[in-house]
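Engineer: Got start.txt for you, compact mmCIF, C-alpha atoms:
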# COMPACT_ATOMS: atom_id res chain seq x y z
CA MET S 82 -21.18 12.50 -161.24
CA ILE S 83 -19.48 13.48 -157.95
CA ASP S 84 -15.97 14.87 -158.35
CA LEU S 85 -13.92 12.75 -155.90
CA SER S 86 -11.10 15.28 -155.73
CA VAL S 87 -13.51 18.01 -154.61
CA SER S 88 -14.98 15.74 -151.93
CA ARG S 89 -11.51 14.90 -150.66
CA GLN S 90 -10.60 18.59 -150.49
CA GLN S 91 -13.73 19.21 -148.44
CA ILE S 92 -12.84 16.37 -146.07
CA ASP S 93 -9.29 17.70 -145.73
CA GLU S 94 -10.65 21.12 -144.77
CA ILE S 95 -13.12 19.65 -142.29
CA ASP S 96 -10.33 17.54 -140.74
CA ARG S 97 -8.15 20.63 -140.43
CA GLN S 98 -10.95 22.38 -138.55
CA ILE S 99 -11.46 19.35 -136.32
CA VAL S 100 -7.76 19.38 -135.36
CA GLU S 101 -7.92 23.11 -134.66
CA LEU S 102 -11.03 22.70 -132.50
CA PHE S 103 -9.50 19.71 -130.71
CA GLU S 104 -6.44 21.76 -129.75
CA LYS S 105 -8.69 24.57 -128.53
CA ARG S 106 -10.58 22.04 -126.42
CA MET S 107 -7.35 20.69 -124.93
CA ALA S 108 -6.28 24.24 -124.04
CA VAL S 109 -9.53 24.64 -122.11
CA ALA S 110 -8.92 21.24 -120.50
CA ASN S 111 -5.65 22.68 -119.22
CA GLU S 112 -7.62 25.43 -117.48
CA VAL S 113 -9.95 22.81 -116.03
CA ALA S 114 -6.92 20.91 -114.70
CA LYS S 115 -5.65 24.09 -112.99
CA TYR S 116 -9.04 24.56 -111.35
CA LYS S 117 -9.07 20.96 -110.13
CA MET S 118 -5.53 21.44 -108.87
CA GLU S 119 -6.63 24.44 -106.76
CA THR S 120 -9.86 22.88 -105.47
CA GLY S 121 -8.74 19.28 -105.04
CA LYS S 122 -11.50 17.94 -107.28
CA PRO S 123 -10.97 14.53 -108.91
CA VAL S 124 -10.17 14.32 -112.60
CA LEU S 125 -12.99 11.90 -113.34
CA ASP S 126 -16.57 13.16 -112.90
CA ARG S 127 -18.76 10.35 -114.23
CA GLU S 128 -22.07 12.18 -113.80
CA ARG S 129 -20.81 15.24 -115.67
CA GLU S 130 -19.42 13.12 -118.51
CA GLU S 131 -22.59 11.06 -118.90
CA SER S 132 -24.77 14.18 -118.90
CA LYS S 133 -22.49 15.76 -121.49
CA LEU S 134 -22.63 12.68 -123.72
CA GLU S 135 -26.43 12.60 -123.59
CA LYS S 136 -26.63 16.23 -124.73
CA LEU S 137 -24.14 15.69 -127.55
CA CYS S 138 -25.98 12.58 -128.77
CA ALA S 139 -29.22 14.59 -128.86
CA LEU S 140 -27.59 16.95 -131.38
CA SER S 141 -26.92 14.13 -133.85
CA HIS S 142 -29.29 12.73 -136.48
CA GLY S 143 -29.97 9.02 -136.85
CA SER S 144 -29.07 6.06 -134.65
CA PHE S 145 -25.73 5.44 -136.36
CA ASN S 146 -24.56 9.02 -135.90
CA GLU S 147 -25.82 9.04 -132.33
CA ARG S 148 -23.71 6.01 -131.47
CA ALA S 149 -20.72 7.41 -133.38
CA VAL S 150 -20.96 10.76 -131.55
CA ARG S 151 -21.01 8.95 -128.19
CA GLU S 152 -17.95 6.91 -129.13
CA LEU S 153 -16.10 9.93 -130.53
CA PHE S 154 -16.65 12.16 -127.53
CA SER S 155 -16.05 9.33 -125.06
CA GLN S 156 -12.59 9.05 -126.59
CA ILE S 157 -12.02 12.80 -126.53
CA MET S 158 -12.99 12.92 -122.85
CA SER S 159 -10.72 9.96 -122.12
CA ILE S 160 -7.80 11.71 -123.85
CA SER S 161 -8.53 14.87 -121.85
CA ARG S 162 -8.45 12.91 -118.58
CA LYS S 163 -5.11 11.33 -119.48
CA TYR S 164 -3.72 14.79 -120.19
CA GLN S 165 -4.97 16.06 -116.82
CA TYR S 166 -3.53 13.06 -114.96
CA GLY S 167 -0.17 13.95 -116.48
CA ILE S 168 -0.06 17.63 -115.54
CA LEU S 169 -1.64 17.54 -112.10
CA PRO S 170 0.87 17.41 -109.20
CA HIS S 171 0.61 14.34 -106.98
CA SER S 172 1.73 14.02 -103.39
CA ASP S 173 0.39 10.50 -102.90
CA GLU S 174 2.34 7.36 -103.71
CA VAL S 175 0.82 5.10 -106.32
CA THR S 176 1.61 1.94 -104.31
CA ASN S 177 3.04 0.85 -100.98
CA PHE S 178 6.03 -0.81 -102.64
CA LYS S 179 9.46 0.13 -101.29
CA ARG S 180 12.67 0.24 -103.28
CA VAL S 181 15.53 -1.91 -102.02
CA ASP S 182 19.05 -2.47 -103.28
CA CYS S 183 18.68 -6.24 -103.57
CA VAL S 184 15.68 -8.56 -103.25
CA PHE S 185 17.58 -11.85 -102.87
CA GLN S 186 20.16 -10.82 -100.30
CA LYS S 187 19.59 -13.41 -97.57
CA ASN S 188 22.19 -16.18 -97.32
CA HIS S 189 20.90 -19.76 -97.42
CA PRO S 190 17.23 -18.81 -97.91
CA ARG S 191 14.39 -21.16 -97.07
CA VAL S 192 12.39 -21.65 -100.29
CA TYR S 193 9.13 -23.53 -100.80
CA TYR S 194 8.38 -24.94 -104.24
CA PHE S 195 5.34 -26.67 -105.68
CA GLY S 196 5.45 -30.44 -106.15
CA VAL S 197 7.45 -33.40 -104.94
CA PRO S 198 11.21 -33.71 -105.51
CA GLY S 199 12.07 -34.02 -109.18
CA THR S 200 9.53 -31.51 -110.43
CA HIS S 201 10.30 -28.79 -112.95
CA THR S 202 9.60 -26.20 -110.27
CA GLN S 203 12.39 -27.61 -108.13
CA GLN S 204 14.76 -27.27 -111.06
CA ALA S 205 13.62 -23.68 -111.60
CA MET S 206 14.17 -22.93 -107.90
CA GLU S 207 17.75 -24.22 -108.08
CA ASP S 208 18.38 -22.27 -111.29
CA ILE S 209 17.26 -19.10 -109.48
CA PHE S 210 18.86 -19.51 -106.06
CA GLY S 211 21.70 -21.94 -106.68
CA ALA S 212 22.60 -24.89 -104.49
CA ASP S 213 23.04 -22.99 -101.21
CA ILE S 214 19.35 -23.06 -100.24
CA GLU S 215 16.94 -25.01 -98.10
CA GLY S 216 14.38 -26.19 -100.66
CA ILE S 217 11.11 -27.57 -99.32
CA SER S 218 8.55 -29.33 -101.50
CA CYS S 219 4.87 -28.47 -101.06
CA GLN S 220 1.91 -30.36 -102.45
CA SER S 221 -0.25 -27.33 -103.31
CA PHE S 222 0.06 -23.84 -104.75
CA GLN S 223 -1.83 -22.54 -101.73
CA GLY S 224 0.60 -24.18 -99.33
CA VAL S 225 3.50 -22.30 -100.94
CA MET S 226 1.66 -18.98 -100.64
CA GLU S 227 0.75 -19.61 -96.99
CA ALA S 228 4.31 -20.58 -96.07
CA VAL S 229 5.63 -17.29 -97.47
CA GLU S 230 2.93 -15.12 -95.91
CA LYS S 231 3.27 -16.72 -92.46
CA GLY S 232 7.07 -16.51 -92.46
CA ARG S 233 7.85 -20.22 -92.72
CA ALA S 234 9.54 -19.50 -96.06
CA ASP S 235 11.66 -16.62 -97.28
CA PHE S 236 10.47 -17.16 -100.84
CA GLY S 237 8.20 -19.40 -102.88
CA VAL S 238 8.47 -20.60 -106.47
CA LEU S 239 5.37 -21.31 -108.57
CA PRO S 240 4.68 -21.92 -112.27
CA ILE S 241 2.46 -19.21 -113.74
CA GLU S 242 2.44 -19.55 -117.54
CA ASN S 243 3.44 -21.98 -120.27
CA SER S 244 4.37 -20.90 -123.78
CA SER S 245 2.19 -23.55 -125.44
CA THR S 246 -0.77 -23.96 -123.04
CA GLY S 247 -1.11 -20.48 -121.54
CA GLY S 248 -1.66 -19.27 -117.99
CA ILE S 249 -1.92 -21.56 -114.96
CA THR S 250 -5.12 -19.92 -113.81
CA ALA S 251 -5.26 -21.25 -110.24
CA ASN S 252 -2.11 -19.31 -109.38
CA TYR S 253 -3.52 -16.04 -110.71
CA ASP S 254 -6.49 -16.33 -108.35
CA LEU S 255 -4.23 -17.22 -105.42
CA LEU S 256 -2.17 -14.06 -105.83
CA LEU S 257 -5.13 -11.98 -104.63
CA ASN S 258 -5.77 -14.08 -101.53
CA TYR S 259 -2.42 -13.31 -99.89
CA LYS S 260 -0.33 -10.26 -99.05
CA ASN S 261 2.71 -11.64 -100.84
CA ALA S 262 4.27 -9.92 -103.85
CA ILE S 263 5.95 -11.16 -107.01
CA VAL S 264 9.64 -10.32 -106.63
CA GLY S 265 11.12 -12.16 -109.61
CA GLN S 266 10.56 -14.50 -112.52
CA HIS S 267 12.43 -17.26 -114.30
CA VAL S 268 11.76 -18.77 -117.74
CA MET S 269 12.86 -22.37 -118.24
CA LYS S 270 12.66 -24.63 -121.27
CA ILE S 271 10.53 -27.68 -120.50
CA ASN S 272 11.38 -31.00 -122.12
CA GLN S 273 8.65 -33.56 -121.41
CA CYS S 274 9.47 -37.27 -121.47
CA LEU S 275 7.41 -40.42 -121.26
CA LEU S 276 8.70 -42.39 -118.27
CA ALA S 277 8.04 -45.95 -117.17
CA VAL S 278 9.61 -48.67 -115.02
CA PRO S 279 12.82 -50.14 -116.50
CA GLY S 280 12.04 -52.74 -119.15
CA ALA S 281 8.57 -51.37 -120.00
CA ARG S 282 7.81 -50.97 -123.70
CA LEU S 283 6.02 -48.03 -125.32
CA GLU S 284 3.38 -50.17 -127.05
CA GLU S 285 2.49 -51.90 -123.76
CA LEU S 286 1.68 -48.71 -121.85
CA ARG S 287 -2.02 -48.14 -121.22
CA THR S 288 -2.30 -45.44 -118.51
CA VAL S 289 -0.20 -42.29 -118.49
CA TYR S 290 -0.26 -39.96 -115.48
CA SER S 291 0.76 -36.30 -115.45
CA HIS S 292 -0.20 -32.81 -114.34
CA PRO S 293 -2.96 -31.33 -116.58
CA GLN S 294 -0.38 -28.98 -118.09
CA GLY S 295 1.90 -31.90 -118.94
CA LEU S 296 -0.93 -33.73 -120.69
CA LEU S 297 -1.87 -30.60 -122.63
CA GLN S 298 1.70 -29.99 -123.72
CA CYS S 299 1.88 -33.56 -125.05
CA ARG S 300 -1.63 -33.77 -126.49
CA GLU S 301 -0.48 -34.59 -130.04
CA PHE S 302 1.78 -37.41 -128.82
CA MET S 303 -1.11 -38.92 -126.86
CA GLU S 304 -3.40 -38.67 -129.88
CA GLU S 305 -0.81 -40.52 -131.96
CA HIS S 306 -0.89 -43.35 -129.39
CA PRO S 307 -4.64 -43.79 -128.74
CA TYR S 308 -4.16 -46.99 -126.76
CA MET S 309 -2.73 -44.85 -123.91
CA GLN S 310 -5.18 -43.03 -121.64
CA GLY S 311 -4.04 -39.79 -120.00
CA VAL S 312 -4.94 -39.37 -116.33
CA GLU S 313 -4.50 -36.05 -114.51
CA TYR S 314 -2.27 -36.08 -111.43
CA ASP S 315 -1.07 -33.53 -108.86
CA SER S 316 2.23 -32.81 -110.61
CA THR S 317 4.53 -34.34 -113.22
CA ALA S 318 7.01 -35.49 -110.58
CA ALA S 319 4.24 -36.90 -108.37
CA ALA S 320 3.05 -38.88 -111.38
CA ALA S 321 6.57 -40.27 -111.81
CA MET S 322 6.71 -41.17 -108.12
CA LYS S 323 3.40 -43.06 -108.42
CA VAL S 324 4.57 -45.06 -111.44
CA ALA S 325 7.82 -45.94 -109.66
CA GLY S 326 5.93 -47.00 -106.54
CA ASP S 327 3.33 -49.08 -108.37
CA LYS S 328 5.99 -50.91 -110.45
CA ASN S 329 3.33 -51.62 -113.07
CA PRO S 330 4.78 -52.00 -116.60
CA VAL S 331 1.57 -50.74 -118.25
CA GLN S 332 1.76 -47.39 -116.42
CA GLY S 333 3.68 -44.36 -117.59
CA ALA S 334 4.20 -40.75 -116.56
CA ILE S 335 4.85 -37.55 -118.47
CA ALA S 336 7.61 -35.73 -116.60
CA GLY S 337 11.17 -34.49 -116.95
CA ARG S 338 14.47 -36.35 -116.97
CA ARG S 339 15.12 -35.08 -113.44
CA ALA S 340 12.07 -36.98 -112.22
CA ALA S 341 13.29 -40.11 -114.04
CA ALA S 342 16.60 -39.93 -112.21
CA GLU S 343 14.90 -39.12 -108.88
CA TYR S 344 12.63 -42.19 -108.98
CA GLY S 345 14.67 -44.69 -111.01
CA LEU S 346 12.47 -44.67 -114.11
CA ALA S 347 13.43 -45.22 -117.74
CA VAL S 348 12.85 -42.67 -120.50
CA VAL S 349 10.62 -44.49 -123.00
CA ALA S 350 10.18 -41.47 -125.30
CA ASP S 351 12.01 -38.15 -125.17
CA SER S 352 10.87 -34.62 -126.08
CA ILE S 353 7.24 -35.58 -126.66
CA GLN S 354 5.74 -32.09 -126.28
CA GLN S 355 4.28 -30.69 -129.51
CA GLU S 356 6.01 -27.32 -129.05
CA LYS S 357 9.74 -28.03 -129.17
CA ASN S 358 10.56 -24.61 -127.70
CA ASN S 359 8.11 -25.31 -124.88
CA SER S 360 8.93 -23.05 -121.90
CA THR S 361 7.36 -22.30 -118.54
CA ARG S 362 7.51 -19.00 -116.71
CA PHE S 363 7.95 -19.31 -112.94
CA ILE S 364 7.32 -16.52 -110.45
CA ILE S 365 9.20 -15.95 -107.20
CA ILE S 366 6.94 -14.93 -104.33
CA GLY S 367 8.19 -12.84 -101.39
CA PRO S 368 6.49 -11.58 -98.21
CA GLU S 369 7.27 -7.88 -98.80
CA GLU S 370 6.22 -5.42 -101.50
CA VAL S 371 9.67 -4.46 -102.76
CA TYR S 372 11.38 -3.63 -106.04
CA THR S 373 14.80 -2.44 -107.25
CA ARG S 374 16.07 0.13 -109.74
CA GLU S 375 16.56 -2.73 -112.21
CA SER S 376 12.94 -3.95 -111.98
CA ASN S 377 11.47 -3.75 -115.47
CA LYS S 378 8.15 -5.58 -115.42
CA LEU S 379 4.94 -4.90 -113.49
CA ALA S 380 2.23 -7.45 -112.72
CA LEU S 381 -1.21 -5.90 -112.14
CA CYS S 382 -4.70 -7.07 -111.29
CA ILE S 383 -7.51 -4.86 -112.59
CA GLU S 384 -11.26 -5.21 -112.11
CA LEU S 385 -13.43 -3.21 -114.48
CA PRO S 386 -16.66 -1.30 -114.08
CA HIS S 387 -19.43 -3.37 -115.66
CA ARG S 388 -19.93 -0.98 -118.57
CA SER S 389 -19.44 -1.09 -122.32
CA GLY S 390 -15.93 -0.16 -123.45
CA SER S 391 -14.40 -0.18 -119.97
CA LEU S 392 -11.59 -2.61 -120.91
CA TYR S 393 -10.56 -0.46 -123.85
CA ARG S 394 -10.54 2.70 -121.73
CA ILE S 395 -8.41 1.06 -119.04
CA LEU S 396 -5.90 -0.42 -121.46
CA SER S 397 -5.61 2.88 -123.31
CA HIS S 398 -3.69 4.23 -120.30
CA PHE S 399 -0.82 1.95 -121.33
CA LEU S 400 -1.05 3.19 -124.91
CA TYR S 401 -1.00 6.89 -124.04
CA ASN S 402 1.91 6.41 -121.65
CA ASP S 403 3.85 4.36 -124.22
CA LEU S 404 3.97 1.25 -122.03
CA ASN S 405 4.32 -2.16 -123.65
CA MET S 406 1.78 -4.71 -122.40
CA THR S 407 3.31 -8.20 -122.59
CA GLN S 408 0.53 -10.38 -121.20
CA ILE S 409 -3.16 -10.31 -120.26
CA GLU S 410 -5.21 -13.06 -118.61
CA SER S 411 -8.90 -12.83 -117.70
CA ARG S 412 -10.49 -14.60 -114.72
CA PRO S 413 -14.14 -14.55 -113.55
CA ILE S 414 -14.82 -12.57 -110.37
CA PRO S 415 -16.28 -14.92 -107.71
CA GLY S 416 -19.91 -14.10 -106.92
CA LYS S 417 -20.35 -11.81 -109.95
CA ASN S 418 -21.72 -13.59 -112.98
CA TRP S 419 -20.11 -12.56 -116.29
CA GLU S 420 -17.81 -10.03 -114.64
CA TYR S 421 -14.04 -10.44 -114.93
CA ARG S 422 -10.76 -9.34 -113.48
CA PHE S 423 -7.68 -9.03 -115.65
CA PHE S 424 -4.12 -9.96 -114.79
CA VAL S 425 -1.82 -7.77 -116.87
CA ASP S 426 1.97 -7.59 -117.28
CA VAL S 427 3.52 -4.37 -118.59
CA GLU S 428 7.11 -3.25 -118.98
CA GLY S 429 8.34 -0.52 -116.64
CA ASN S 430 9.52 0.49 -113.19
CA LEU S 431 7.42 2.01 -110.40
CA GLU S 432 9.68 5.07 -110.43
CA ASP S 433 8.99 5.79 -114.12
CA ALA S 434 6.79 8.86 -114.63
CA SER S 435 4.88 7.03 -117.37
CA VAL S 436 4.12 4.12 -115.04
CA LYS S 437 2.92 6.42 -112.27
CA ASN S 438 0.76 8.29 -114.75
CA ALA S 439 -0.86 5.12 -116.05
CA LEU S 440 -1.46 3.68 -112.59
CA ARG S 441 -3.06 6.88 -111.31
CA GLY S 442 -5.44 6.96 -114.23
CA ILE S 443 -6.31 3.27 -113.91
CA ARG S 444 -6.75 3.55 -110.15
CA GLU S 445 -9.31 6.32 -110.59
CA GLU S 446 -11.24 4.64 -113.38
CA ALA S 447 -11.06 0.92 -112.47
CA ALA S 448 -13.31 -0.79 -109.94
CA PHE S 449 -10.18 -2.33 -108.36
CA LEU S 450 -6.42 -2.13 -108.92
CA ARG S 451 -3.61 -4.00 -107.21
CA VAL S 452 0.05 -4.02 -108.16
CA LEU S 453 1.15 -7.62 -107.61
CA GLY S 454 4.83 -7.01 -108.21
CA ASN S 455 7.58 -5.03 -109.92
CA PHE S 456 10.48 -7.31 -110.74
CA THR S 457 13.29 -7.97 -113.17
CA ALA S 458 12.40 -9.97 -116.27
CA SER S 459 15.44 -11.38 -118.05
Can you present the structure in this file as structure tokens?
Structural biologist:
Amino acid sequence: MIDLSVSRQQIDEIDRQIVELFEKRMAVANEVAKYKMETGKPVLDREREESKLEKLCALSHGSFNERAVRELFSQIMSISRKYQYGILPHSDEVTNFKRVDCVFQKNHPRVYYFGVPGTHTQQAMEDIFGADIEGISCQSFQGVMEAVEKGRADFGVLPIENSSTGGITANYDLLLNYKNAIVGQHVMKINQCLLAVPGARLEELRTVYSHPQGLLQCREFMEEHPYMQGVEYDSTAAAAMKVAGDKNPVQGAIAGRRAAAEYGLAVVADSIQQEKNNSTRFIIIGPEEVYTRESNKLALCIELPHRSGSLYRILSHFLYNDLNMTQIESRPIPGKNWEYRFFVDVEGNLEDASVKNALRGIREEAAFLRVLGNFTAS
């Protein structure tokens, strides 16, 4: 019978040798980095790495070992690149963002927000900027982005993510179509109500209008009242405006108390969302790529090479630079079947060495990288 203690001693000795050889390899990688520093060669040489992996796999025995050797040395090469990114001097800036003392310094700013008056986004806008603003409602996400880019608005406010239903995907895609940047965020608790004309009764309602997110957030309530049919509408406040205008006692709307007050509706049922701590994250859009010393969150868009393991290798740059990733959202790339871009939020400031390190590595290895914003997250 095999003596387990002897086998474990052998493994311990082999592991010790592996660590010793790994450190020798990293010392040589340091010499390689110096050479690349003197010659201006890029850190990543895909052809060299692939050729090297093929030769190493040929030394292994069996299909399992061959695959394991490829995975092992792919990781070792990735670690070596991250080390080289860190020690090489860089004269180039990672982004075109400029540091400013204050992002929201204009008095009485002109701010576009999504939806008609009474929407949650309007409330978020007023929470952010206060009462001394010129708030302008806009019926589409795209209209808000265009107003900011073309200078009709100083800022725009858009919902981007809900705690119970996830990302609002249309806004992620829009971020890439404009030159605007994310300059701030605001998280607001969302309390959804069932609204109807005064005198309407809950059991008499048959059609309930709301934004798709509102219906999703109140899915359980709707299932408990199957006689009511949910109908998607442009926004929660627009749904309230329709119900008020139609004056039909069998119609209802899922919206906030602000919308009820705005359009003279009664609250038939309060706090009907299934997640009682339901919150929405709003982003503030500005026309310039700016950040401050206090900015502590980065929003990135990354497109990956269409190769096995590419997402892991890209995300590992955050791991090796000790950056905390707080959110990731995938979206299909138009015109490229089964290929995706990723919207990622990480903690950090563009002046942090760790952030610069990670972005340089990702920029060299990703098919596409754009920093969408560096802002303060409360």
Engineer: Smallest atom-to-atom distance to S:Gln298: which of S:Thr246, S:Asp254, S:Lys417, S:Cys274, using all atoms listed in the file?
Structural biologist: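 Once distances to S:Gln298 are computed over all atoms listed in the file, the minimum belongs to S:Thr246.
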Engineer: When distances are computed from all atoms listed in the file, which of S:Glu215, S:Gly167, S:Ala205, S:Val268 shows the smallest separation from S:Lys187?
Structural biologist: S:Glu215
Engineer: Considering only C-alpha atoms, can you say which of S:Glu369, S:Glu343, S:Glu410, S:Asp93 comes closest to S:Leu453?
Structural biologist: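 Closest to S:Leu453 of all the choices is S:Glu369.
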Engineer: Tell me which protein, DNA and RNA residues are within 6 Å of stretch 217-225 of chain S, counting all atoms listed in the file, leaving out same-chain ones fewer than 6 positions away, and put them as a VMD selection string.
Structural biologist: chain S and resid 193 to 197 237
Engineer: Using atom CA of S:Ala108 and atom CA of S:Tyr164 as the two end points, give the distance in Å to one decimal.
Structural biologist: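 Computed distance, atom CA of S:Ala108 to atom CA of S:Tyr164, equals 10.5 Å.
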Engineer: Which residue gives the smallest distance to S:Lys115 among S:Ser141, S:Asn177, S:Ser159, S:Gln165, with only C-alpha atoms counted?
Structural biologist: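 That would be S:Gln165, the residue with the smallest distance to S:Lys115.
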Engineer: Env of S:Leu275: 8 Å cut, atoms = only C-alpha atoms, seq-sep filter 4 positions within chain, self excluded. Answer as a PyMOL selection string.
Structural biologist: chain S and resi 333-336+348-351+353
Engineer: Atom CA of S:Glu284 to atom CA of S:Glu301: how many Å, to one decimal?
Structural biologist: 16.3 Å
Engineer: Rounded to one decimal in Å, what is the spacing between atom CA of S:Gly143 and atom CA of S:Ser155?
Structural biologist: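 Taking atom CA of S:Gly143 as the start and atom CA of S:Ser155 as the end point, the length is 18.2 Å.
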Engineer: Would you kindly return, as an MDAnalysis selection string, each protein, DNA or RNA residue with an atom no farther than 12 Å from any atom of S:Gly326, considering all atoms listed in the file and excluding same-chain residues fewer than 5 positions away?
Structural biologist: chainID S and resid 277:278 319:321 332:334 344:346
Engineer: Considering all atoms listed in the file, state which residue in the set S:Tyr259, S:Ser86, S:Arg412, S:Pro307 is at the smallest distance from S:Leu283.
Structural biologist: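 Of all the options, S:Pro307 lies closest to S:Leu283.
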